[in-house]
$ cat run-v7.pdb   # PDB, C-alpha atoms
ATOM      1  CA  MET A   1      22.060  20.166 -36.749  1.00  0.00           C
ATOM      2  CA  LYS A   2      18.940  19.356 -34.737  1.00  0.00           C
ATOM      3  CA  GLN A   3      19.232  16.119 -32.804  1.00  0.00           C
ATOM      4  CA  TYR A   4      16.166  13.874 -32.518  1.00  0.00           C
ATOM      5  CA  PHE A   5      15.363  12.770 -29.006  1.00  0.00           C
ATOM      6  CA  ASN A   6      12.676  10.214 -28.263  1.00  0.00           C
ATOM      7  CA  SER A   7      11.004  11.223 -25.007  1.00  0.00           C
ATOM      8  CA  THR A   8       9.517   7.754 -24.487  1.00  0.00           C
ATOM      9  CA  MET A   9      11.469   4.664 -23.492  1.00  0.00           C
ATOM     10  CA  TYR A  10      10.409   1.072 -22.854  1.00  0.00           C
ATOM     11  CA  LEU A  11      11.766  -0.885 -19.908  1.00  0.00           C
ATOM     12  CA  LEU A  12      11.859  -4.653 -20.381  1.00  0.00           C
ATOM     13  CA  TYR A  13      12.030  -6.949 -17.386  1.00  0.00           C
ATOM     14  CA  HIS A  14      11.320 -10.569 -16.515  1.00  0.00           C
ATOM     15  CA  MET A  15       9.341 -11.308 -13.377  1.00  0.00           C
ATOM     16  CA  TYR A  16       8.096 -14.489 -11.710  1.00  0.00           C
ATOM     17  CA  ASP A  17       7.143 -15.808  -8.287  1.00  0.00           C
ATOM     18  CA  TYR A  18       8.743 -18.834  -6.679  1.00  0.00           C
ATOM     19  CA  GLY A  19       8.832 -20.752  -3.419  1.00  0.00           C
ATOM     20  CA  LYS A  20       6.484 -23.283  -1.876  1.00  0.00           C
ATOM     21  CA  ASN A  21       3.628 -20.752  -1.807  1.00  0.00           C
ATOM     22  CA  ASN A  22       5.015 -18.316  -4.385  1.00  0.00           C
ATOM     23  CA  GLU A  23       6.114 -16.133  -1.492  1.00  0.00           C
ATOM     24  CA  HIS A  24       9.219 -14.861  -3.288  1.00  0.00           C
ATOM     25  CA  GLU A  25       9.503 -12.701  -6.370  1.00  0.00           C
ATOM     26  CA  GLU A  26      12.368 -12.574  -8.849  1.00  0.00           C
ATOM     27  CA  ILE A  27      12.762  -9.569 -11.145  1.00  0.00           C
ATOM     28  CA  LYS A  28      15.448  -9.193 -13.782  1.00  0.00           C
ATOM     29  CA  THR A  29      15.839  -5.902 -15.636  1.00  0.00           C
ATOM     30  CA  LEU A  30      16.738  -6.804 -19.203  1.00  0.00           C
ATOM     31  CA  GLY A  31      16.974  -3.575 -21.161  1.00  0.00           C
ATOM     32  CA  ILE A  32      15.677  -0.160 -22.084  1.00  0.00           C
ATOM     33  CA  TYR A  33      14.492   0.404 -25.647  1.00  0.00           C
ATOM     34  CA  SER A  34      13.511   3.452 -27.656  1.00  0.00           C
ATOM     35  CA  THR A  35      10.478   1.765 -29.228  1.00  0.00           C
ATOM     36  CA  GLU A  36       7.945  -0.789 -28.059  1.00  0.00           C
ATOM     37  CA  GLN A  37       8.699  -2.838 -31.168  1.00  0.00           C
ATOM     38  CA  GLN A  38      12.380  -3.121 -30.194  1.00  0.00           C
ATOM     39  CA  ALA A  39      11.360  -4.221 -26.685  1.00  0.00           C
ATOM     40  CA  MET A  40       9.042  -6.871 -28.142  1.00  0.00           C
ATOM     41  CA  GLU A  41      11.830  -8.124 -30.405  1.00  0.00           C
ATOM     42  CA  ALA A  42      14.072  -8.395 -27.342  1.00  0.00           C
ATOM     43  CA  VAL A  43      11.420 -10.541 -25.646  1.00  0.00           C
ATOM     44  CA  GLU A  44      11.687 -12.981 -28.542  1.00  0.00           C
ATOM     45  CA  ARG A  45      15.488 -13.095 -28.216  1.00  0.00           C
ATOM     46  CA  TYR A  46      15.415 -13.598 -24.452  1.00  0.00           C
ATOM     47  CA  TYR A  47      12.624 -16.166 -24.611  1.00  0.00           C
ATOM     48  CA  ARG A  48      14.909 -18.521 -26.564  1.00  0.00           C
ATOM     49  CA  LEU A  49      17.602 -18.406 -23.842  1.00  0.00           C
ATOM     50  CA  GLU A  50      18.121 -20.946 -21.072  1.00  0.00           C
ATOM     51  CA  GLY A  51      16.128 -20.099 -17.967  1.00  0.00           C
ATOM     52  CA  PHE A  52      13.761 -17.665 -19.640  1.00  0.00           C
ATOM     53  CA  ARG A  53      12.179 -20.324 -21.837  1.00  0.00           C
ATOM     54  CA  ARG A  54      11.098 -22.286 -18.738  1.00  0.00           C
ATOM     55  CA  PHE A  55       8.583 -19.550 -17.957  1.00  0.00           C
ATOM     56  CA  PRO A  56       5.579 -18.339 -19.941  1.00  0.00           C
ATOM     57  CA  LYS A  57       6.009 -15.251 -22.099  1.00  0.00           C
ATOM     58  CA  GLU A  58       3.650 -13.439 -19.729  1.00  0.00           C
ATOM     59  CA  CYS A  59       6.604 -13.207 -17.323  1.00  0.00           C
ATOM     60  CA  PHE A  60       8.151 -10.626 -19.648  1.00  0.00           C
ATOM     61  CA  CYS A  61       6.913  -7.127 -18.894  1.00  0.00           C
ATOM     62  CA  ILE A  62       7.326  -3.943 -20.882  1.00  0.00           C
ATOM     63  CA  ASP A  63       6.669  -0.643 -19.148  1.00  0.00           C
ATOM     64  CA  LYS A  64       6.462   2.635 -20.990  1.00  0.00           C
ATOM     65  CA  TYR A  65       8.255   5.624 -19.427  1.00  0.00           C
ATOM     66  CA  ARG A  66       8.546   9.239 -20.392  1.00  0.00           C
ATOM     67  CA  VAL A  67      12.091  10.578 -20.142  1.00  0.00           C
ATOM     68  CA  ASN A  68      12.803  13.613 -17.944  1.00  0.00           C
ATOM     69  CA  VAL A  69       9.376  13.411 -16.279  1.00  0.00           C
ATOM     70  CA  ASP A  70       8.826  12.474 -12.640  1.00  0.00           C
ATOM     71  CA  THR A  71       6.239   9.733 -12.967  1.00  0.00           C
ATOM     72  CA  ASN A  72       6.524   7.613  -9.830  1.00  0.00           C
ATOM     73  CA  TRP A  73       6.734   8.291  -6.109  1.00  0.00           C
ATOM     74  CA  ARG A  74       6.173  12.019  -6.638  1.00  0.00           C
ATOM     75  CA  GLU A  75       4.734  12.346  -3.153  1.00  0.00           C
ATOM     76  CA  GLY A  76       7.406  10.235  -1.456  1.00  0.00           C
ATOM     77  CA  PHE A  77       6.714   6.946   0.283  1.00  0.00           C
ATOM     78  CA  VAL A  78       6.237   5.417   3.688  1.00  0.00           C
ATOM     79  CA  SER A  79       7.616   2.122   4.836  1.00  0.00           C
ATOM     80  CA  THR A  80       5.560  -0.734   6.157  1.00  0.00           C
ATOM     81  CA  ASP A  81       7.357  -0.189   9.468  1.00  0.00           C
ATOM     82  CA  ASP A  82       5.885   3.341   9.603  1.00  0.00           C
ATOM     83  CA  LEU A  83       2.402   2.047   8.845  1.00  0.00           C
ATOM     84  CA  ASP A  84       2.717  -0.771  11.395  1.00  0.00           C
ATOM     85  CA  ARG A  85       3.820   1.724  14.034  1.00  0.00           C
ATOM     86  CA  ASP A  86       0.868   3.985  13.202  1.00  0.00           C
ATOM     87  CA  PHE A  87      -1.581   1.079  13.453  1.00  0.00           C
ATOM     88  CA  GLU A  88      -0.130   0.139  16.830  1.00  0.00           C
ATOM     89  CA  THR A  89      -0.512   3.766  17.990  1.00  0.00           C
ATOM     90  CA  LEU A  90      -4.095   3.803  16.761  1.00  0.00           C
ATOM     91  CA  THR A  91      -4.776   0.571  18.662  1.00  0.00           C
ATOM     92  CA  VAL A  92      -3.339   2.048  21.879  1.00  0.00           C
ATOM     93  CA  CYS A  93      -5.665   5.058  21.464  1.00  0.00           C
ATOM     94  CA  PHE A  94      -8.699   2.832  21.095  1.00  0.00           C
ATOM     95  CA  ASN A  95      -7.610   0.503  23.897  1.00  0.00           C
ATOM     96  CA  GLU A  96      -7.364   3.487  26.250  1.00  0.00           C
ATOM     97  CA  TRP A  97     -10.717   4.844  25.039  1.00  0.00           C
ATOM     98  CA  LEU A  98     -12.368   1.461  25.649  1.00  0.00           C
ATOM     99  CA  CYS A  99     -10.496   0.846  28.946  1.00  0.00           C
ATOM    100  CA  ASN A 100      -8.942  -2.226  27.367  1.00  0.00           C
ATOM    101  CA  ASN A 101      -5.720  -3.090  29.233  1.00  0.00           C
ATOM    102  CA  GLN A 102      -4.387  -5.445  26.563  1.00  0.00           C
ATOM    103  CA  ASN A 103      -1.367  -4.635  24.462  1.00  0.00           C
ATOM    104  CA  PRO A 104      -2.077  -4.061  20.761  1.00  0.00           C
ATOM    105  CA  HIS A 105      -1.050  -7.563  19.689  1.00  0.00           C
ATOM    106  CA  GLU A 106      -3.374  -9.169  22.225  1.00  0.00           C
ATOM    107  CA  SER A 107      -6.181  -6.829  21.133  1.00  0.00           C
ATOM    108  CA  TRP A 108      -5.801  -7.846  17.505  1.00  0.00           C
ATOM    109  CA  LYS A 109      -6.754 -11.435  18.352  1.00  0.00           C
ATOM    110  CA  ASN A 110     -10.344 -10.186  18.539  1.00  0.00           C
ATOM    111  CA  LYS A 111     -11.028 -10.219  14.795  1.00  0.00           C
ATOM    112  CA  GLU A 112     -14.071  -7.922  14.944  1.00  0.00           C
ATOM    113  CA  TYR A 113     -12.086  -5.342  16.925  1.00  0.00           C
ATOM    114  CA  TYR A 114      -9.117  -5.707  14.583  1.00  0.00           C
ATOM    115  CA  ASN A 115     -11.370  -5.244  11.523  1.00  0.00           C
ATOM    116  CA  ALA A 116     -12.967  -2.162  13.094  1.00  0.00           C
ATOM    117  CA  LEU A 117      -9.496  -0.708  13.642  1.00  0.00           C
ATOM    118  CA  CYS A 118      -8.637  -1.488  10.009  1.00  0.00           C
ATOM    119  CA  ASP A 119     -11.761   0.388   8.903  1.00  0.00           C
ATOM    120  CA  VAL A 120     -10.743   3.433  10.942  1.00  0.00           C
ATOM    121  CA  ASN A 121      -7.147   3.135   9.793  1.00  0.00           C
ATOM    122  CA  THR A 122      -8.235   3.620   6.174  1.00  0.00           C
ATOM    123  CA  VAL A 123      -9.334   7.202   6.889  1.00  0.00           C
ATOM    124  CA  ILE A 124      -6.972   8.540   9.576  1.00  0.00           C
ATOM    125  CA  TYR A 125      -4.537   9.862   6.986  1.00  0.00           C
ATOM    126  CA  LYS A 126      -7.289  11.718   5.115  1.00  0.00           C
ATOM    127  CA  MET A 127      -9.493  13.266   7.793  1.00  0.00           C
ATOM    128  CA  ASN A 128      -8.623  16.234   9.944  1.00  0.00           C
ATOM    129  CA  ASP A 129     -12.152  17.288  10.883  1.00  0.00           C
ATOM    130  CA  ILE A 130     -13.066  16.036  14.367  1.00  0.00           C
ATOM    131  CA  THR A 131     -16.807  15.766  13.748  1.00  0.00           C
ATOM    132  CA  GLU A 132     -16.352  13.987  10.423  1.00  0.00           C
ATOM    133  CA  LEU A 133     -13.949  11.483  11.974  1.00  0.00           C
ATOM    134  CA  ALA A 134     -16.213  10.970  15.007  1.00  0.00           C
ATOM    135  CA  GLU A 135     -19.164  10.246  12.710  1.00  0.00           C
ATOM    136  CA  TYR A 136     -17.081   7.762  10.750  1.00  0.00           C
ATOM    137  CA  ILE A 137     -15.861   5.974  13.888  1.00  0.00           C
ATOM    138  CA  GLN A 138     -19.416   5.876  15.219  1.00  0.00           C
ATOM    139  CA  SER A 139     -20.666   4.313  11.964  1.00  0.00           C
ATOM    140  CA  VAL A 140     -17.919   1.668  12.123  1.00  0.00           C
ATOM    141  CA  TRP A 141     -18.705   0.872  15.760  1.00  0.00           C
ATOM    142  CA  MET A 142     -22.462   0.720  15.152  1.00  0.00           C
ATOM    143  CA  LYS A 143     -21.926  -1.621  12.220  1.00  0.00           C
ATOM    144  CA  ARG A 144     -19.535  -3.971  14.005  1.00  0.00           C
ATOM    145  CA  PHE A 145     -20.625  -3.995  17.664  1.00  0.00           C
ATOM    146  CA  PRO A 146     -24.004  -4.349  19.369  1.00  0.00           C
ATOM    147  CA  ASP A 147     -23.016  -2.010  22.233  1.00  0.00           C
ATOM    148  CA  ARG A 148     -24.772   1.355  21.762  1.00  0.00           C
ATOM    149  CA  SER A 149     -23.745   2.823  25.115  1.00  0.00           C
ATOM    150  CA  LYS A 150     -21.247   5.359  23.719  1.00  0.00           C
ATOM    151  CA  SER A 151     -22.475   8.928  23.355  1.00  0.00           C
ATOM    152  CA  PHE A 152     -21.484  11.056  20.385  1.00  0.00           C
ATOM    153  CA  ASP A 153     -19.305  13.116  22.757  1.00  0.00           C
ATOM    154  CA  GLU A 154     -17.288   9.971  23.425  1.00  0.00           C
ATOM    155  CA  TYR A 155     -16.771   9.498  19.693  1.00  0.00           C
ATOM    156  CA  ILE A 156     -15.670  13.136  19.543  1.00  0.00           C
ATOM    157  CA  GLU A 157     -13.168  12.344  22.321  1.00  0.00           C
ATOM    158  CA  ILE A 158     -11.477   9.493  20.406  1.00  0.00           C
ATOM    159  CA  ALA A 159     -11.590  11.449  17.124  1.00  0.00           C
ATOM    160  CA  ASN A 160      -9.945  14.418  18.830  1.00  0.00           C
ATOM    161  CA  LYS A 161      -7.206  12.200  20.249  1.00  0.00           C
ATOM    162  CA  ILE A 162      -6.503  10.710  16.810  1.00  0.00           C
ATOM    163  CA  ILE A 163      -6.439  14.114  15.142  1.00  0.00           C
ATOM    164  CA  LEU A 164      -4.071  15.485  17.813  1.00  0.00           C
ATOM    165  CA  ILE A 165      -1.627  12.701  16.941  1.00  0.00           C
ATOM    166  CA  GLY A 166      -1.700  14.145  13.435  1.00  0.00           C
ATOM    167  CA  PHE A 167      -1.877  11.036  11.287  1.00  0.00           C
ATOM    168  CA  TYR A 168      -3.434  13.134   8.520  1.00  0.00           C
ATOM    169  CA  LYS A 169      -0.290  15.248   8.202  1.00  0.00           C
ATOM    170  CA  LEU A 170       2.379  12.576   8.697  1.00  0.00           C
ATOM    171  CA  TYR A 171       2.687  11.696   5.020  1.00  0.00           C
ATOM    172  CA  ASP A 172       1.296  14.658   3.092  1.00  0.00           C
TER     173      ASP A 172
END

$ encode --input "run-v7.pdb" --output "structure tokens"
Amino acid sequence: MKQYFNSTMYLLYHMYDYGKNNEHEEIKTLGIYSTEQQAMEAVERYYRLEGFRRFPKECFCIDKYRVNVDTNWREGFVSTDDLDRDFETLTVCFNEWLCNNQNPHESWKNKEYYNALCDVNTVIYKMNDITELAEYIQSVWMKRFPDRSKSFDEYIEIANKIILIGFYKLYD
């Protein structure tokens, strides 16, 4: 006897934000259903219950999943602590390059400098070509700062330092 197996399931959960500035999030997993219709019927049942009915129906979420298929986090993940540490390391590199004796947190008070670092940070995990990275850093610096005293060789120097750290291969 051949057994029928539905390879799609529907996860139903209830989610809302709370707190003075909606800084907290509450998520309740409610059920897993073999059809979207069954999940929608469950929404109607839950919506009549105490607590759930205080929130709009939009707080109910139904996500479709395929069974026995890796769909999420297939490349792993990094924590915000890892990313914060990397940004601090990047800041130290730039502070040394610019002969800035401030610690990273003091440096970040300069919003233009901080934003320039953020621009560079968006590409350090993707670029491993020194010239390409140097050109990108130069374009960021030219856009954000009036000082044009840096030579392209100096941009090559900071790009090389960043590439030697190996950001581009930390999370591949």

$ residues_around --input "run-v7.pdb" --residues "range 95-107 of chain A" --least-positions-apart "2" --cutoff "12 Å" --atoms "only C-alpha atoms" --output "ChimeraX atom specification"
/A:84-93,109-117,141,147,149-150,154-162

$ write_last_selection --input "run-v7.pdb" --atoms "C-alpha atoms" --output "CSV table (one decimal), in the coordinates of the input"
chain,number,residue,atom,x,y,z
A,84,ASP,CA,2.7,-0.8,11.4
A,85,ARG,CA,3.8,1.7,14.0
A,86,ASP,CA,0.9,4.0,13.2
A,87,PHE,CA,-1.6,1.1,13.5
A,88,GLU,CA,-0.1,0.1,16.8
A,89,THR,CA,-0.5,3.8,18.0
A,90,LEU,CA,-4.1,3.8,16.8
A,91,THR,CA,-4.8,0.6,18.7
A,92,VAL,CA,-3.3,2.0,21.9
A,93,CYS,CA,-5.7,5.1,21.5
A,109,LYS,CA,-6.8,-11.4,18.4
A,110,ASN,CA,-10.3,-10.2,18.5
A,111,LYS,CA,-11.0,-10.2,14.8
A,112,GLU,CA,-14.1,-7.9,14.9
A,113,TYR,CA,-12.1,-5.3,16.9
A,114,TYR,CA,-9.1,-5.7,14.6
A,115,ASN,CA,-11.4,-5.2,11.5
A,116,ALA,CA,-13.0,-2.2,13.1
A,117,LEU,CA,-9.5,-0.7,13.6
A,141,TRP,CA,-18.7,0.9,15.8
A,147,ASP,CA,-23.0,-2.0,22.2
A,149,SER,CA,-23.7,2.8,25.1
A,150,LYS,CA,-21.2,5.4,23.7
A,154,GLU,CA,-17.3,10.0,23.4
A,155,TYR,CA,-16.8,9.5,19.7
A,156,ILE,CA,-15.7,13.1,19.5
A,157,GLU,CA,-13.2,12.3,22.3
A,158,ILE,CA,-11.5,9.5,20.4
A,159,ALA,CA,-11.6,11.4,17.1
A,160,ASN,CA,-9.9,14.4,18.8
A,161,LYS,CA,-7.2,12.2,20.2
A,162,ILE,CA,-6.5,10.7,16.8

$ residues_around --input "run-v7.pdb" --residues "range 23-28 of chain A" --least-positions-apart "4" --cutoff "9 Å" --atoms "all atoms listed in the file" --output "list of chain:residue names"
A:Leu12, A:Tyr13, A:His14, A:Met15, A:Tyr16, A:Asp17, A:Tyr18, A:Gly19

$ atom_distance --input "run-v7.pdb" --atom1 "CA of Asp70 in chain A" --atom2 "CA of Leu83 in chain A"
24.7 Å

$ residues_near_point --input "run-v7.pdb" --point "(-5.2, 11.2, 6.8)" --cutoff "8 Å" --atoms "only C-alpha atoms" --output "list in words"
Val123, Ile124, Tyr125, Lys126, Met127, Asn128, Phe167, Tyr168, Lys169 and Leu170 of chain A

$ closest_residue --input "run-v7.pdb" --among "A:Ile165, A:Met9, A:Val78, A:Ala134" --to "Arg66 in chain A" --atoms "all atoms listed in the file"
A:Met9

$ resolve_selection --input "run-v7.pdb" --expression "the PyMOL selection byres ((chain A and resi 11) around 7)" --output "list in words"
Met9, Tyr10, Leu12, Tyr13, Gly31, Ile32, Tyr33, Ile62, Asp63 and Lys64 of chain A

$ write_last_selection --input "run-v7.pdb" --atoms "C-alpha atoms" --output "mmCIF file, in the frame of the given file"
data_model
loop_
_atom_site.group_PDB
_atom_site.id
_atom_site.type_symbol
_atom_site.label_atom_id
_atom_site.label_comp_id
_atom_site.auth_asym_id
_atom_site.auth_seq_id
_atom_site.Cartn_x
_atom_site.Cartn_y
_atom_site.Cartn_z
ATOM 1 C CA MET A 9 11.469 4.664 -23.492
ATOM 2 C CA TYR A 10 10.409 1.072 -22.854
ATOM 3 C CA LEU A 12 11.859 -4.653 -20.381
ATOM 4 C CA TYR A 13 12.030 -6.949 -17.386
ATOM 5 C CA GLY A 31 16.974 -3.575 -21.161
ATOM 6 C CA ILE A 32 15.677 -0.160 -22.084
ATOM 7 C CA TYR A 33 14.492 0.404 -25.647
ATOM 8 C CA ILE A 62 7.326 -3.943 -20.882
ATOM 9 C CA ASP A 63 6.669 -0.643 -19.148
ATOM 10 C CA LYS A 64 6.462 2.635 -20.990
#

$ atom_distance --input "run-v7.pdb" --atom1 "CA of Phe52 in chain A" --atom2 "CA of Thr29 in chain A"
12.6 Å

$ atom_distance --input "run-v7.pdb" --atom1 "CA of Cys61 in chain A" --atom2 "CA of Ser7 in chain A"
19.8 Å
